[in-house]
>>> print(open('upload-v2.cif').read())   # mmCIF, C-alpha atoms
data_model
loop_
_atom_site.label_atom_id
_atom_site.label_comp_id
_atom_site.auth_asym_id
_atom_site.auth_seq_id
_atom_site.Cartn_x
_atom_site.Cartn_y
_atom_site.Cartn_z
CA MET Q 1 -269.36 144.14 -12.18
CA GLN Q 2 -271.76 145.90 -9.87
CA SER Q 3 -270.64 149.11 -8.25
CA GLY Q 4 -269.74 148.59 -4.56
CA ASN Q 5 -272.70 150.13 -2.82
CA TYR Q 6 -272.07 149.45 0.85
CA SER Q 7 -274.18 152.34 2.18
CA HIS Q 8 -276.64 149.92 3.79
CA LEU Q 9 -273.82 148.21 5.67
CA ILE Q 10 -272.33 151.52 6.72
CA ARG Q 11 -275.72 152.60 8.00
CA ILE Q 12 -276.03 149.46 10.10
CA ILE Q 13 -272.50 149.79 11.48
CA LEU Q 14 -273.02 153.48 12.23
CA GLY Q 15 -276.28 152.63 13.91
CA ILE Q 16 -274.56 150.03 16.10
CA ILE Q 17 -271.79 152.46 17.00
CA VAL Q 18 -274.27 155.23 17.89
CA PHE Q 19 -276.29 152.73 19.94
CA ALA Q 20 -273.15 151.51 21.73
CA VAL Q 21 -271.94 155.03 22.48
CA PHE Q 22 -275.32 156.13 23.82
CA GLY Q 23 -275.62 152.89 25.74
CA PHE Q 24 -272.19 153.33 27.23
CA ILE Q 25 -272.82 156.94 28.25
CA GLY Q 26 -276.26 156.04 29.58
CA LYS Q 27 -274.86 153.19 31.65
CA LYS Q 28 -272.12 155.45 33.02
CA LEU Q 29 -274.66 158.08 34.01
CA LEU Q 30 -277.28 155.78 35.48
CA THR Q 31 -275.05 153.36 37.41
CA PRO Q 32 -274.62 154.50 41.02
CA GLU Q 33 -271.09 155.37 42.03
CA SER Q 34 -270.30 152.47 44.32
CA PHE Q 35 -272.11 149.86 42.22
CA GLY Q 36 -270.14 146.67 41.73
CA VAL Q 37 -267.50 147.10 44.43
CA TYR Q 38 -268.57 143.86 46.15
CA GLY Q 39 -271.07 142.60 43.60
CA HIS Q 40 -274.19 143.52 41.68
CA PHE Q 41 -275.32 146.19 44.15
CA ARG Q 42 -274.53 149.62 45.54
CA ALA Q 43 -271.75 149.16 48.10
CA ASP Q 44 -272.65 152.43 49.86
CA ALA Q 45 -275.96 150.87 50.88
CA ILE Q 46 -274.03 148.71 53.36
CA GLU Q 47 -272.70 151.76 55.20
CA GLU Q 48 -276.10 153.45 55.01
CA GLU Q 49 -277.69 150.47 56.74
CA ALA Q 50 -274.86 150.37 59.28
CA ALA Q 51 -275.45 154.04 60.11
CA ARG Q 52 -279.09 153.48 61.11
CA GLU Q 53 -280.05 154.89 64.51
CA ILE Q 54 -279.61 152.50 67.44
CA ARG Q 55 -282.82 152.70 69.47
CA HIS Q 56 -282.28 149.90 71.98
CA TRP Q 57 -279.13 150.08 74.04
CA THR Q 58 -278.27 147.62 76.78
CA ASN Q 59 -279.09 147.04 80.43
CA ALA Q 60 -275.60 148.32 81.24
CA SER Q 61 -276.44 151.66 79.67
CA CYS Q 62 -279.71 152.00 81.62
CA LEU Q 63 -278.19 150.90 84.92
CA SER Q 64 -275.18 153.22 84.54
CA CYS Q 65 -277.50 156.06 85.63
CA HIS Q 66 -280.15 154.15 87.60
CA ALA Q 67 -277.83 152.88 90.31
CA TYR Q 68 -280.61 152.15 92.82
CA GLU Q 69 -282.48 149.93 90.36
CA ALA Q 70 -279.19 148.31 89.36
CA LYS Q 71 -278.57 147.18 92.92
CA ILE Q 72 -281.90 145.34 93.01
CA HIS Q 73 -282.23 144.24 89.40
CA LEU Q 74 -278.82 142.61 89.05
CA LYS Q 75 -279.31 140.45 92.15
CA GLY Q 76 -282.80 139.19 91.40
CA ARG Q 77 -284.25 136.43 89.28
CA HIS Q 78 -285.24 139.05 86.72
CA LYS Q 79 -281.66 140.04 85.96
CA THR Q 80 -281.87 138.64 82.43
CA ILE Q 81 -284.89 140.77 81.58
CA SER Q 82 -284.17 143.80 79.48
CA CYS Q 83 -285.08 147.16 81.04
CA GLU Q 84 -286.28 148.33 77.65
CA PHE Q 85 -288.84 145.56 77.25
CA CYS Q 86 -291.00 146.89 80.10
CA HIS Q 87 -290.05 150.58 79.97
CA GLY Q 88 -289.51 151.28 76.26
CA PRO Q 89 -286.44 151.98 74.17
CA TYR Q 90 -283.49 154.02 75.40
CA ALA Q 91 -283.68 156.36 72.39
CA ASP Q 92 -287.04 157.69 73.62
CA HIS Q 93 -285.44 158.61 76.96
CA VAL Q 94 -281.94 159.92 76.33
CA LYS Q 95 -280.24 161.59 73.39
CA ASP Q 96 -276.57 162.63 73.37
CA GLY Q 97 -276.33 162.10 77.12
CA LYS Q 98 -279.35 164.32 77.86
CA LYS Q 99 -282.78 163.24 79.03
CA THR Q 100 -285.36 163.89 76.34
CA GLY Q 101 -288.39 161.99 77.58
CA THR Q 102 -289.85 159.96 80.41
CA LEU Q 103 -290.36 156.25 79.92
CA PRO Q 104 -293.58 154.67 81.19
CA VAL Q 105 -293.82 152.49 84.28
CA LYS Q 106 -296.54 149.86 84.03
CA LYS Q 107 -299.02 149.94 86.89
CA GLY Q 108 -302.17 148.15 88.03
CA GLU Q 109 -303.86 145.89 85.50
CA ASP Q 110 -301.26 146.72 82.82
CA MET Q 111 -298.55 145.36 85.09
CA LYS Q 112 -300.49 142.15 85.65
CA ILE Q 113 -300.82 141.66 81.88
CA LEU Q 114 -297.09 142.27 81.54
CA CYS Q 115 -296.27 139.67 84.23
CA MET Q 116 -298.62 137.13 82.68
CA ARG Q 117 -296.95 137.48 79.29
CA CYS Q 118 -294.32 135.12 80.65
CA HIS Q 119 -295.73 133.53 83.81
CA ASN Q 120 -299.15 132.27 82.64
CA LYS Q 121 -299.35 128.52 83.12
CA ALA Q 122 -302.41 128.28 80.87
CA ILE Q 123 -300.02 128.64 77.92
CA GLN Q 124 -298.78 125.06 77.87
CA ALA Q 125 -295.89 125.66 75.48
CA ARG Q 126 -293.78 127.17 78.26
CA PRO Q 127 -291.01 124.81 79.37
CA GLY Q 128 -291.12 124.46 83.16
CA GLU Q 129 -287.35 124.25 83.54
CA VAL Q 130 -286.97 127.65 81.90
CA ILE Q 131 -289.69 129.65 83.66
CA LYS Q 132 -291.88 129.39 86.73
CA THR Q 133 -295.51 129.69 85.71
CA VAL Q 134 -298.70 130.14 87.72
CA VAL Q 135 -302.43 129.79 87.16
CA MET Q 136 -303.63 133.20 88.13
CA PRO Q 137 -306.57 133.17 90.52
CA ASP Q 138 -305.36 129.82 91.92
CA HIS Q 139 -301.98 131.24 92.86
CA LEU Q 140 -303.60 134.00 94.87
CA THR Q 141 -305.92 131.64 96.75
CA SER Q 142 -303.18 129.09 97.42
CA GLN Q 143 -300.97 131.85 98.82
CA LYS Q 144 -303.92 132.95 100.96
CA VAL Q 145 -304.14 136.51 99.70
CA LYS Q 146 -307.08 138.47 98.29
CA GLU Q 147 -307.99 137.80 94.67
CA THR Q 148 -307.73 141.51 93.99
CA HIS Q 149 -304.02 141.50 94.84
CA ASN Q 150 -301.63 142.70 92.20
CA CYS Q 151 -298.36 140.82 91.51
CA SER Q 152 -296.24 143.68 92.87
CA GLN Q 153 -297.87 143.50 96.29
CA CYS Q 154 -295.81 140.41 97.07
CA HIS Q 155 -293.16 140.40 94.34
CA HIS Q 156 -290.71 143.20 93.70
CA VAL Q 157 -290.86 143.61 89.92
CA HIS Q 158 -287.07 143.84 89.57
CA ALA Q 159 -286.26 141.00 91.97
CA PRO Q 160 -289.41 138.88 92.35
CA LEU Q 161 -288.28 136.85 95.34
CA MET Q 162 -286.67 139.70 97.30
CA TYR Q 163 -289.54 140.40 99.73
CA ILE Q 164 -290.40 136.73 100.00
CA GLU Q 165 -286.86 135.73 100.94
CA LYS Q 166 -286.65 138.62 103.41
CA ALA Q 167 -289.90 137.55 105.07
CA ARG Q 168 -288.65 133.96 105.20
CA LYS Q 169 -285.45 135.09 106.90
CA ILE Q 170 -287.29 137.19 109.49
CA THR Q 171 -290.01 134.70 110.34
CA GLY Q 172 -288.22 131.44 109.59
CA PHE Q 173 -291.48 130.38 107.99
CA ASP Q 174 -291.61 128.82 104.54
CA ALA Q 175 -295.01 129.22 102.94
CA LYS Q 176 -294.35 126.29 100.62
CA GLU Q 177 -293.57 123.89 103.45
CA ALA Q 178 -296.62 125.03 105.38
CA LEU Q 179 -298.95 124.27 102.50
CA MET W 1 -243.48 195.69 116.23
CA ASP W 2 -243.84 195.97 112.51
CA ASN W 3 -242.20 192.67 112.18
CA LYS W 4 -244.60 191.05 114.61
CA ILE W 5 -247.70 192.25 112.75
CA SER W 6 -246.48 190.88 109.47
CA MET W 7 -245.63 187.62 111.19
CA ASP W 8 -249.14 187.46 112.68
CA ASN W 9 -250.62 188.16 109.27
CA LYS W 10 -248.60 185.40 107.78
CA ILE W 11 -249.71 182.92 110.38
CA SER W 12 -253.39 183.80 109.95
CA ASP W 13 -252.96 183.68 106.18
CA ASP W 14 -251.47 180.25 106.47
CA ARG W 15 -254.25 179.20 108.78
CA ARG W 16 -256.86 180.49 106.32
CA SER W 17 -255.34 178.70 103.38
CA PHE W 18 -254.89 175.57 105.49
CA ILE W 19 -258.56 175.55 106.45
CA LYS W 20 -259.51 176.28 102.85
CA LYS W 21 -257.46 173.35 101.62
CA VAL W 22 -258.86 171.01 104.24
CA LEU W 23 -262.41 172.05 103.43
CA ASN W 24 -261.83 171.68 99.69
CA GLY W 25 -260.41 168.25 100.26
CA THR W 26 -263.34 167.08 102.38
CA ILE W 27 -265.97 168.43 99.99
CA GLY W 28 -264.16 166.97 97.02
CA GLY W 29 -263.78 163.65 98.76
CA SER W 30 -267.40 163.41 99.78
CA LEU W 31 -268.50 164.37 96.26
CA LEU W 32 -266.37 161.57 94.87
CA LEU W 33 -268.13 159.20 97.27
CA VAL W 34 -271.55 160.37 96.04
CA PHE W 35 -270.69 160.11 92.35
CA SER W 36 -268.80 156.88 92.71
CA ALA W 37 -266.16 156.17 90.11
CA GLY W 38 -268.02 153.05 89.00
CA ALA W 39 -271.03 154.96 87.73
CA GLU W 40 -269.92 155.60 84.19
CA ILE W 41 -272.51 157.30 82.05
CA PHE W 42 -272.55 156.08 78.48
CA LYS W 43 -273.14 158.91 76.03
CA SER W 44 -273.06 157.05 72.73
CA PRO W 45 -273.70 153.45 71.68
CA GLU W 46 -269.97 153.07 71.05
CA ASP W 47 -269.25 153.56 74.77
CA ILE W 48 -271.46 150.68 75.91
CA PRO W 49 -269.62 147.49 76.82
CA ALA W 50 -269.80 145.43 73.64
CA GLN W 51 -272.08 142.42 73.66
CA ILE W 52 -270.04 140.78 70.94
CA PRO W 53 -266.63 140.97 72.61
CA SER W 54 -264.62 139.83 69.60
CA LEU W 55 -265.62 143.00 67.73
CA LYS W 56 -264.54 145.39 70.47
CA ASN W 57 -261.65 147.77 69.72
CA LYS W 58 -261.02 146.22 66.35
CA GLU W 59 -261.52 147.52 62.88
CA TYR W 60 -264.47 145.75 61.32
CA GLU W 61 -263.25 143.58 58.45
CA ILE W 62 -266.21 143.21 56.17
CA THR W 63 -264.72 140.42 54.06
CA LYS W 64 -263.69 138.29 57.03
CA ALA W 65 -266.60 138.67 59.46
CA HIS W 66 -268.77 135.58 59.85
CA PHE W 67 -271.83 135.38 62.07
CA ALA W 68 -274.48 132.85 63.02
CA PHE W 69 -277.89 133.12 64.62
CA ILE W 70 -279.23 130.26 66.72
CA VAL W 71 -282.79 129.93 68.01
CA ASP W 72 -283.26 127.52 70.90
CA ILE W 73 -286.89 126.42 70.72
CA THR W 74 -286.60 124.52 74.00
CA LYS W 75 -286.01 127.82 75.80
CA CYS W 76 -288.58 130.04 74.11
CA ILE W 77 -291.45 130.98 76.44
CA GLY W 78 -293.40 133.00 73.88
CA CYS W 79 -293.23 136.26 75.80
CA GLY W 80 -292.83 138.24 72.61
CA SER W 81 -290.06 140.51 73.98
CA CYS W 82 -288.22 140.03 70.70
CA CYS W 83 -291.21 141.15 68.64
CA VAL W 84 -291.71 144.23 70.81
CA ALA W 85 -288.03 145.18 70.63
CA ASP W 86 -287.99 144.68 66.88
CA LYS W 87 -291.06 146.84 66.31
CA ARG W 88 -289.58 149.59 68.45
CA GLU W 89 -286.09 149.41 66.97
CA TYR W 90 -287.37 149.89 63.41
CA ASN W 91 -290.74 151.58 64.01
CA VAL W 92 -292.36 148.81 61.97
CA ALA W 93 -295.90 149.66 60.80
CA ASP W 94 -298.80 147.92 62.55
CA GLY W 95 -299.69 144.57 61.04
CA TYR W 96 -296.21 143.99 59.59
CA TYR W 97 -293.55 141.89 61.27
CA ARG W 98 -289.83 141.61 60.67
CA THR W 99 -289.74 138.85 63.27
CA TRP W 100 -292.58 136.94 64.88
CA VAL W 101 -293.25 134.00 67.19
CA GLU W 102 -295.44 131.05 66.17
CA ARG W 103 -297.18 128.67 68.54
CA TYR W 104 -297.27 125.02 67.51
CA LEU W 105 -299.65 122.43 68.94
CA LYS W 106 -299.57 118.75 68.03
CA ASP W 107 -302.19 116.18 68.89
CA TYR W 108 -301.86 112.39 69.14
CA ASP W 109 -302.87 111.99 65.49
CA ASP W 110 -299.92 114.16 64.44
CA ASN W 111 -302.15 117.00 63.36
CA VAL W 112 -300.33 120.29 63.67
CA TYR W 113 -302.06 123.52 64.66
CA VAL W 114 -300.10 126.75 64.25
CA ASP W 115 -301.15 130.24 65.24
CA SER W 116 -299.45 133.56 65.78
CA PRO W 117 -301.89 136.22 67.01
CA LYS W 118 -300.45 139.63 66.05
CA GLY W 119 -297.12 137.88 65.41
CA GLY W 120 -296.72 137.36 69.14
CA LEU W 121 -296.30 141.10 69.57
CA GLU W 122 -298.71 141.19 72.49
CA GLY W 123 -297.49 137.88 73.84
CA TYR W 124 -299.64 134.80 74.29
CA GLN W 125 -302.25 135.76 76.87
CA SER W 126 -304.62 132.84 76.48
CA PRO W 127 -304.51 129.20 75.39
CA ARG W 128 -305.98 128.15 72.06
CA GLU W 129 -309.67 127.56 72.60
CA ASP W 130 -310.79 126.98 69.02
CA ILE W 131 -309.53 123.39 68.91
CA ASP W 132 -310.67 120.52 71.06
CA VAL W 133 -307.92 117.91 70.95
CA LYS W 134 -305.60 116.30 73.44
CA VAL W 135 -302.31 118.13 73.04
CA ARG W 136 -299.23 115.92 72.72
CA ASP W 137 -296.54 118.49 72.15
CA THR W 138 -296.57 122.25 72.16
CA PHE W 139 -293.83 124.82 71.68
CA PHE W 140 -293.02 128.30 70.37
CA VAL W 141 -290.99 128.96 67.24
CA PRO W 142 -289.48 132.41 66.72
CA LYS W 143 -289.08 133.26 63.05
CA LEU W 144 -286.82 135.81 61.39
CA CYS W 145 -284.65 136.19 58.31
CA ASN W 146 -282.67 133.03 57.62
CA MET W 147 -279.79 134.97 56.01
CA CYS W 148 -279.35 132.31 53.34
CA LYS W 149 -275.92 131.75 51.91
CA GLU W 150 -277.69 131.24 48.55
CA PRO W 151 -280.48 133.80 48.88
CA PRO W 152 -283.30 133.44 46.31
CA CYS W 153 -284.44 137.01 47.01
CA VAL W 154 -281.08 138.40 45.85
CA GLN W 155 -281.18 136.22 42.74
CA VAL W 156 -284.56 137.55 41.59
CA CYS W 157 -284.02 141.25 42.30
CA PRO W 158 -283.87 142.94 38.87
CA ILE W 159 -281.90 146.00 39.98
CA GLY W 160 -279.59 144.79 42.73
CA ALA W 161 -281.61 146.48 45.47
CA THR W 162 -281.45 143.34 47.59
CA PHE W 163 -277.96 142.12 48.04
CA GLN W 164 -275.66 139.94 50.09
CA THR W 165 -272.87 141.77 51.88
CA PRO W 166 -269.39 140.22 52.04
CA ASP W 167 -270.02 139.48 55.74
CA GLY W 168 -273.06 137.39 54.83
CA PHE W 169 -275.98 139.70 55.58
CA VAL W 170 -278.82 139.98 53.10
CA LEU W 171 -279.91 143.62 53.12
CA VAL W 172 -282.22 145.93 51.18
CA ASP W 173 -281.06 149.11 49.50
CA HIS W 174 -284.07 151.34 50.19
CA LYS W 175 -282.87 154.00 47.77
CA ARG W 176 -282.85 151.62 44.81
CA CYS W 177 -285.77 149.31 45.58
CA VAL W 178 -288.72 149.96 43.28
CA GLY W 179 -291.10 147.74 45.22
CA CYS W 180 -291.74 145.20 42.46
CA GLY W 181 -292.20 142.48 45.07
CA TYR W 182 -290.30 139.69 43.29
CA CYS W 183 -288.20 139.08 46.40
CA ILE W 184 -291.30 138.79 48.56
CA GLN W 185 -292.53 135.94 46.37
CA ALA W 186 -289.11 134.35 46.14
CA CYS W 187 -288.44 134.13 49.88
CA PRO W 188 -289.17 130.56 51.02
CA TYR W 189 -289.48 131.73 54.62
CA SER W 190 -291.95 134.59 54.02
CA VAL W 191 -289.89 137.07 56.00
CA ARG W 192 -290.25 139.89 53.48
CA PHE W 193 -293.00 142.45 53.11
CA LEU W 194 -293.61 145.72 51.33
CA ASN W 195 -293.23 148.60 53.75
CA PRO W 196 -296.55 150.47 53.53
CA VAL W 197 -294.85 153.82 54.13
CA THR W 198 -291.77 153.70 51.91
CA LYS W 199 -293.25 151.17 49.43
CA THR W 200 -289.94 149.31 49.41
CA ALA W 201 -289.21 145.72 50.36
CA GLU W 202 -288.33 145.23 54.00
CA LYS W 203 -287.08 142.38 56.10
CA CYS W 204 -285.16 141.44 59.22
CA SER W 205 -281.52 142.48 58.88
CA TRP W 206 -280.21 140.74 62.02
CA CYS W 207 -279.80 144.34 63.20
CA TYR W 208 -276.84 145.00 60.94
CA HIS W 209 -276.39 148.53 62.36
CA ARG W 210 -276.08 147.13 65.89
CA VAL W 211 -273.80 144.25 65.00
CA ARG W 212 -271.34 146.58 63.28
CA LYS W 213 -271.03 148.47 66.58
CA GLY W 214 -270.47 145.32 68.62
CA LEU W 215 -274.03 145.06 69.94
CA GLN W 216 -276.32 142.05 69.75
CA PRO W 217 -279.40 142.29 67.54
CA ALA W 218 -282.24 143.97 69.48
CA CYS W 219 -284.24 140.72 69.78
CA VAL W 220 -281.23 138.81 71.16
CA SER W 221 -280.43 141.60 73.57
CA VAL W 222 -283.90 141.57 75.12
CA CYS W 223 -284.57 137.79 75.14
CA PRO W 224 -284.98 136.91 78.84
CA THR W 225 -284.24 133.18 78.50
CA GLY W 226 -281.43 133.21 75.95
CA ALA W 227 -283.57 131.45 73.36
CA ARG W 228 -282.09 133.68 70.70
CA LYS W 229 -278.33 133.64 70.34
CA PHE W 230 -276.16 135.57 67.97
CA GLY W 231 -272.42 135.53 67.71
CA ASP W 232 -269.16 135.64 65.87
CA LEU W 233 -268.09 132.36 64.27
CA ASN W 234 -264.51 133.63 63.90
CA ASP W 235 -264.33 133.70 67.70
CA GLU W 236 -263.73 130.13 68.88
CA ASN W 237 -265.00 130.96 72.36
CA SER W 238 -268.29 132.53 71.36
CA GLU W 239 -271.45 130.74 72.47
CA VAL W 240 -272.60 130.10 68.90
CA SER W 241 -269.25 128.60 67.89
CA LYS W 242 -269.40 126.22 70.82
CA ILE W 243 -272.99 125.22 70.09
CA LEU W 244 -272.38 124.64 66.38
CA LYS W 245 -269.26 122.59 67.10
CA GLY W 246 -271.04 120.64 69.83
CA PRO W 247 -273.07 117.44 69.66
CA GLY W 248 -276.53 119.02 69.88
CA VAL W 249 -279.08 118.42 67.14
CA ILE W 250 -279.08 121.54 65.02
CA THR W 251 -281.38 121.99 62.08
CA VAL W 252 -282.21 124.62 59.50
CA LEU W 253 -285.60 125.41 58.00
CA LYS W 254 -286.47 124.05 54.51
CA ARG W 255 -283.11 122.46 53.94
CA GLU W 256 -284.31 120.95 50.68
CA MET W 257 -284.64 124.44 49.18
CA GLY W 258 -280.85 124.61 48.97
CA THR W 259 -280.71 128.08 50.46
CA PHE W 260 -278.16 127.17 53.17
CA PRO W 261 -279.55 129.34 55.96
CA GLY W 262 -277.29 131.04 58.49
CA LEU W 263 -280.10 130.71 61.03
CA TYR W 264 -280.01 127.47 63.02
CA TYR W 265 -282.61 125.93 65.28
CA ILE W 266 -282.15 123.81 68.39
CA GLY W 267 -285.06 121.58 69.36
CA ALA W 268 -287.04 122.10 66.15
CA ARG W 269 -289.45 119.22 65.54
CA ARG W 270 -289.82 117.98 61.99
CA GLU W 271 -293.19 119.74 61.71
CA VAL W 272 -291.53 123.15 61.96
CA ILE W 273 -291.42 124.82 58.58
#
>>> encode(input="upload-v2.cif", output="C-alpha cells")
Amino acid sequence: MQSGNYSHLIRIILGIIVFAVFGFIGKKLLTPESFGVYGHFRADAIEEEAAREIRHWTNASCLSCHAYEAKIHLKGRHKTISCEFCHGPYADHVKDGKKTGTLPVKKGEDMKILCMRCHNKAIQARPGEVIKTVVMPDHLTSQKVKETHNCSQCHHVHAPLMYIEKARKITGFDAKEAL
Amino acid sequence: MDNKISMDNKISDDRRSFIKKVLNGTIGGSLLLVFSAGAEIFKSPEDIPAQIPSLKNKEYEITKAHFAFIVDITKCIGCGSCCVADKREYNVADGYYRTWVERYLKDYDDNVYVDSPKGGLEGYQSPREDIDVKVRDTFFVPKLCNMCKEPPCVQVCPIGATFQTPDGFVLVDHKRCVGCGYCIQACPYSVRFLNPVTKTAEKCSWCYHRVRKGLQPACVSVCPTGARKFGDLNDENSEVSKILKGPGVITVLKREMGTFPGLYYIGARREVI
C-alpha cells in the first residue's frame, strides 16, 4: 500500500484558504461603506447628489425683494417667464441672504435677439395658439414705427401689452381695428 | 410750593414720555407700511414656496417617492430657456448638453429633417435654409434623460457608479466613475457624455437636488409655456397624475427597447426618436 502523501492536496486547500482570506479582507477594505444598502452602488452618492448647490431659485424668490418688478411682471402676459432666464441665475446674485453680484439687464440689440428667441414667426415650428409671433421688419412697418425701433420702445419687457393697453384706454383707438 | 414743583415735574415727565410713545408708534407704524408684511425675503432654498406641493413639510421617503416627467411637444416654442437654465444650473462645459431641443421638419414625401444648432442653447434664430422642400409639419422636441425603469446604462456599469435610486432616478456617482464610457454607448437615447473636466460620465438627473427640496427641475421651472411638466405621481391632484390618467395620447421614446422610460411625450409624431 502506498504511503498517504496528501501534501499536494493540502497545498491546494491551503492556497484556496489563503486566497479566500486575502480576497475577503481585500473586498472588505475596498468596498465603500454604504455600498449595497439599496443595491449594487454606494448609497451615500444619493445624498451627495441631493446636496448639490441650487443655482436657480424661483420667481417667488426674485420677486420677494423686487417688489416693483413683481407688481408689473405678475400682471402681464410675461408672467410665466422665469426672471432667471433673462437675468441669470439667482446664485450669481445672492448668497445667504446677501447680495454678491449684479445680474445683467439685456439692452439694445441683445434685447431684440432675446425677444426674437420666442417671437420670431420665421421659425415655423412655433404653435400659434401658444405664442404670438411676428415677422420682424414687417411688424414695425405695419405698426407705422421706424425700422430702427427696439421692442422695448412700445412693449414693456415685463408686461408686453401694458403701454399698449394704456394708450388704447386713453385714446379709445385700437391700432388693429384701424389697420 | 415744594409739592407743586414735583407735581409740575411729573406732568412734564408724563408729557415727555407720552410724546415719545406717540412718536415711536408713528415711526414704527410707517416703517411697517414701508416694509410691508407681505415682502418675505427668502434666505435659503428651503424657504421658497415649494413647486411640488406634495413634498412640502414632509419627510422625504426615498422608497415611496414616484415621479414622472412629461414633455408636451405641442406647446414647445423652441426658445431654449430649458437649455440655458440647465447649462447654468450645472455649469456644463461648452459643446456638451444634458438637455437639448431638436427641430423636426417633415415634407410631403415624409422625409424628416432634424437639426439642433448648439443644442438649442442659443434658441432658434433663423429658419432652416439648407433644404428646399415644402414643409408639411414642423415642431420642436426637447430631449433629456428618459429615467428608464430598466436602465441599460446601469446594467453595463462595471463598478456600480451609475445606479438607480429607490425613488427611480438614474444618477452617476462621480467619486466612483472611472470614465470607461460603457454607459455612454449603452444609452439608447444618447443623453450621456464624458465630462471633459472631471472625466466622468454625466447626464441629466431631472435635477435630483432640486426635487428633494420640493423644487421643480430647473428646465421645468423656467419653461414659459409649460411644455415641460414634472410632478409627483403619488399625489392624485398633481398635473402629471391627471395627464397620465387622462385620455390624451401619451408616448415614450423607443418603446421597443424595453427600457420603460419615466419620460412621456404628448404630441410626439411617429418620426420622433
>>> resolve_selection(input="upload-v2.cif", expression="the PyMOL selection byres ((chain Q and resi 55-72) around 9)", output="ChimeraX atom specification")
/Q:53-54,73-76,79,81-84,88-92,158-159,162 /W:38-43,45,47-49,51,85,88-90,215,218,221-222
>>> atom_distance(input="upload-v2.cif", atom1="atom CA of His174 of chain W", atom2="atom CA of Pro32 of chain Q")
13.5 Å
>>> residues_around(input="upload-v2.cif", residues="Gly168 of chain W", least_positions_apart="5", cutoff="10 Å", atoms="all atoms listed in the file", output="MDAnalysis selection string")
chainID W and resid 62:68 147:150 163 262
>>> residues_around(input="upload-v2.cif", residues="Glu165 of chain Q", least_positions_apart="3", cutoff="12 Å", atoms="all atoms listed in the file", output="count of residues only")
17
>>> atom_distance(input="upload-v2.cif", atom1="atom CA of Ile46 of chain Q", atom2="atom CA of Gly214 of chain W")
16.0 Å
>>> atom_distance(input="upload-v2.cif", atom1="atom CA of Lys175 of chain W", atom2="atom CA of Arg212 of chain W")
20.7 Å
>>> closest_residue(input="upload-v2.cif", among="Q:Leu9, Q:Met136, Q:Ile164, Q:Ile131", to="chain W", atoms="only C-alpha atoms")
Q:Ile131
>>> closest_residue(input="upload-v2.cif", among="W:Pro152, W:Val178, W:Gly123, W:Cys204", to="Gly258 of chain W", atoms="all atoms listed in the file")
W:Pro152
>>> resolve_selection(input="upload-v2.cif", expression="the PyMOL selection byres ((chain W and resi 127) around 10)", output="PyMOL selection string")
(chain Q and resi 120-125) or (chain W and resi 124-126+128-130)
>>> residues_near_point(input="upload-v2.cif", point="(-304.0, 139.5, 92.6)", cutoff="8 Å", atoms="all atoms listed in the file", output="CSV table (one decimal) with C-alpha atoms, in the coordinates of the input")
chain,number,residue,atom,x,y,z
Q,136,MET,CA,-303.6,133.2,88.1
Q,137,PRO,CA,-306.6,133.2,90.5
Q,140,LEU,CA,-303.6,134.0,94.9
Q,145,VAL,CA,-304.1,136.5,99.7
Q,146,LYS,CA,-307.1,138.5,98.3
Q,147,GLU,CA,-308.0,137.8,94.7
Q,148,THR,CA,-307.7,141.5,94.0
Q,149,HIS,CA,-304.0,141.5,94.8
Q,150,ASN,CA,-301.6,142.7,92.2
Q,151,CYS,CA,-298.4,140.8,91.5
>>> residues_around(input="upload-v2.cif", residues="segment 38-41 of chain Q", least_positions_apart="4", cutoff="7 Å", atoms="all atoms listed in the file", output="ChimeraX atom specification")
/W:160-161,163,166
>>> write_last_selection(input="upload-v2.cif", atoms="C-alpha atoms", output="PDB file, keeping the file's coordinate frame")
ATOM      1  CA  GLY W 160    -279.590 144.790  42.730  1.00  0.00           C
ATOM      2  CA  ALA W 161    -281.610 146.480  45.470  1.00  0.00           C
ATOM      3  CA  PHE W 163    -277.960 142.120  48.040  1.00  0.00           C
ATOM      4  CA  PRO W 166    -269.390 140.220  52.040  1.00  0.00           C
TER       5      PRO W 166
END
>>> closest_residue(input="upload-v2.cif", among="W:Ser54, W:Asn146, W:Thr165, W:Thr200", to="chain Q", atoms="all atoms listed in the file")
W:Thr165
>>> residues_around(input="upload-v2.cif", residues="Lys75 of chain W", least_positions_apart="5", cutoff="10 Å", atoms="all atoms listed in the file", output="PDB file with C-alpha atoms, in the frame of the given file")
ATOM      1  CA  ARG Q 126    -293.780 127.170  78.260  1.00  0.00           C
ATOM      2  CA  PRO Q 127    -291.010 124.810  79.370  1.00  0.00           C
ATOM      3  CA  GLY Q 128    -291.120 124.460  83.160  1.00  0.00           C
ATOM      4  CA  GLU Q 129    -287.350 124.250  83.540  1.00  0.00           C
ATOM      5  CA  VAL Q 130    -286.970 127.650  81.900  1.00  0.00           C
ATOM      6  CA  ILE Q 131    -289.690 129.650  83.660  1.00  0.00           C
TER       7      ILE Q 131
ATOM      8  CA  PHE W 139    -293.830 124.820  71.680  1.00  0.00           C
ATOM      9  CA  PHE W 140    -293.020 128.300  70.370  1.00  0.00           C
ATOM     10  CA  VAL W 141    -290.990 128.960  67.240  1.00  0.00           C
ATOM     11  CA  PRO W 224    -284.980 136.910  78.840  1.00  0.00           C
ATOM     12  CA  THR W 225    -284.240 133.180  78.500  1.00  0.00           C
ATOM     13  CA  GLY W 226    -281.430 133.210  75.950  1.00  0.00           C
ATOM     14  CA  ALA W 227    -283.570 131.450  73.360  1.00  0.00           C
ATOM     15  CA  ARG W 228    -282.090 133.680  70.700  1.00  0.00           C
ATOM     16  CA  ILE W 266    -282.150 123.810  68.390  1.00  0.00           C
ATOM     17  CA  GLY W 267    -285.060 121.580  69.360  1.00  0.00           C
TER      18      GLY W 267
END
>>> closest_residue(input="upload-v2.cif", among="W:Val240, W:Ile52, W:Cys223, W:Met257", to="chain Q", atoms="all atoms listed in the file")
W:Cys223
>>> closest_residue(input="upload-v2.cif", among="Q:Lys166, Q:His139, Q:Arg52, Q:Lys106", to="chain W", atoms="all atoms listed in the file")
Q:Arg52
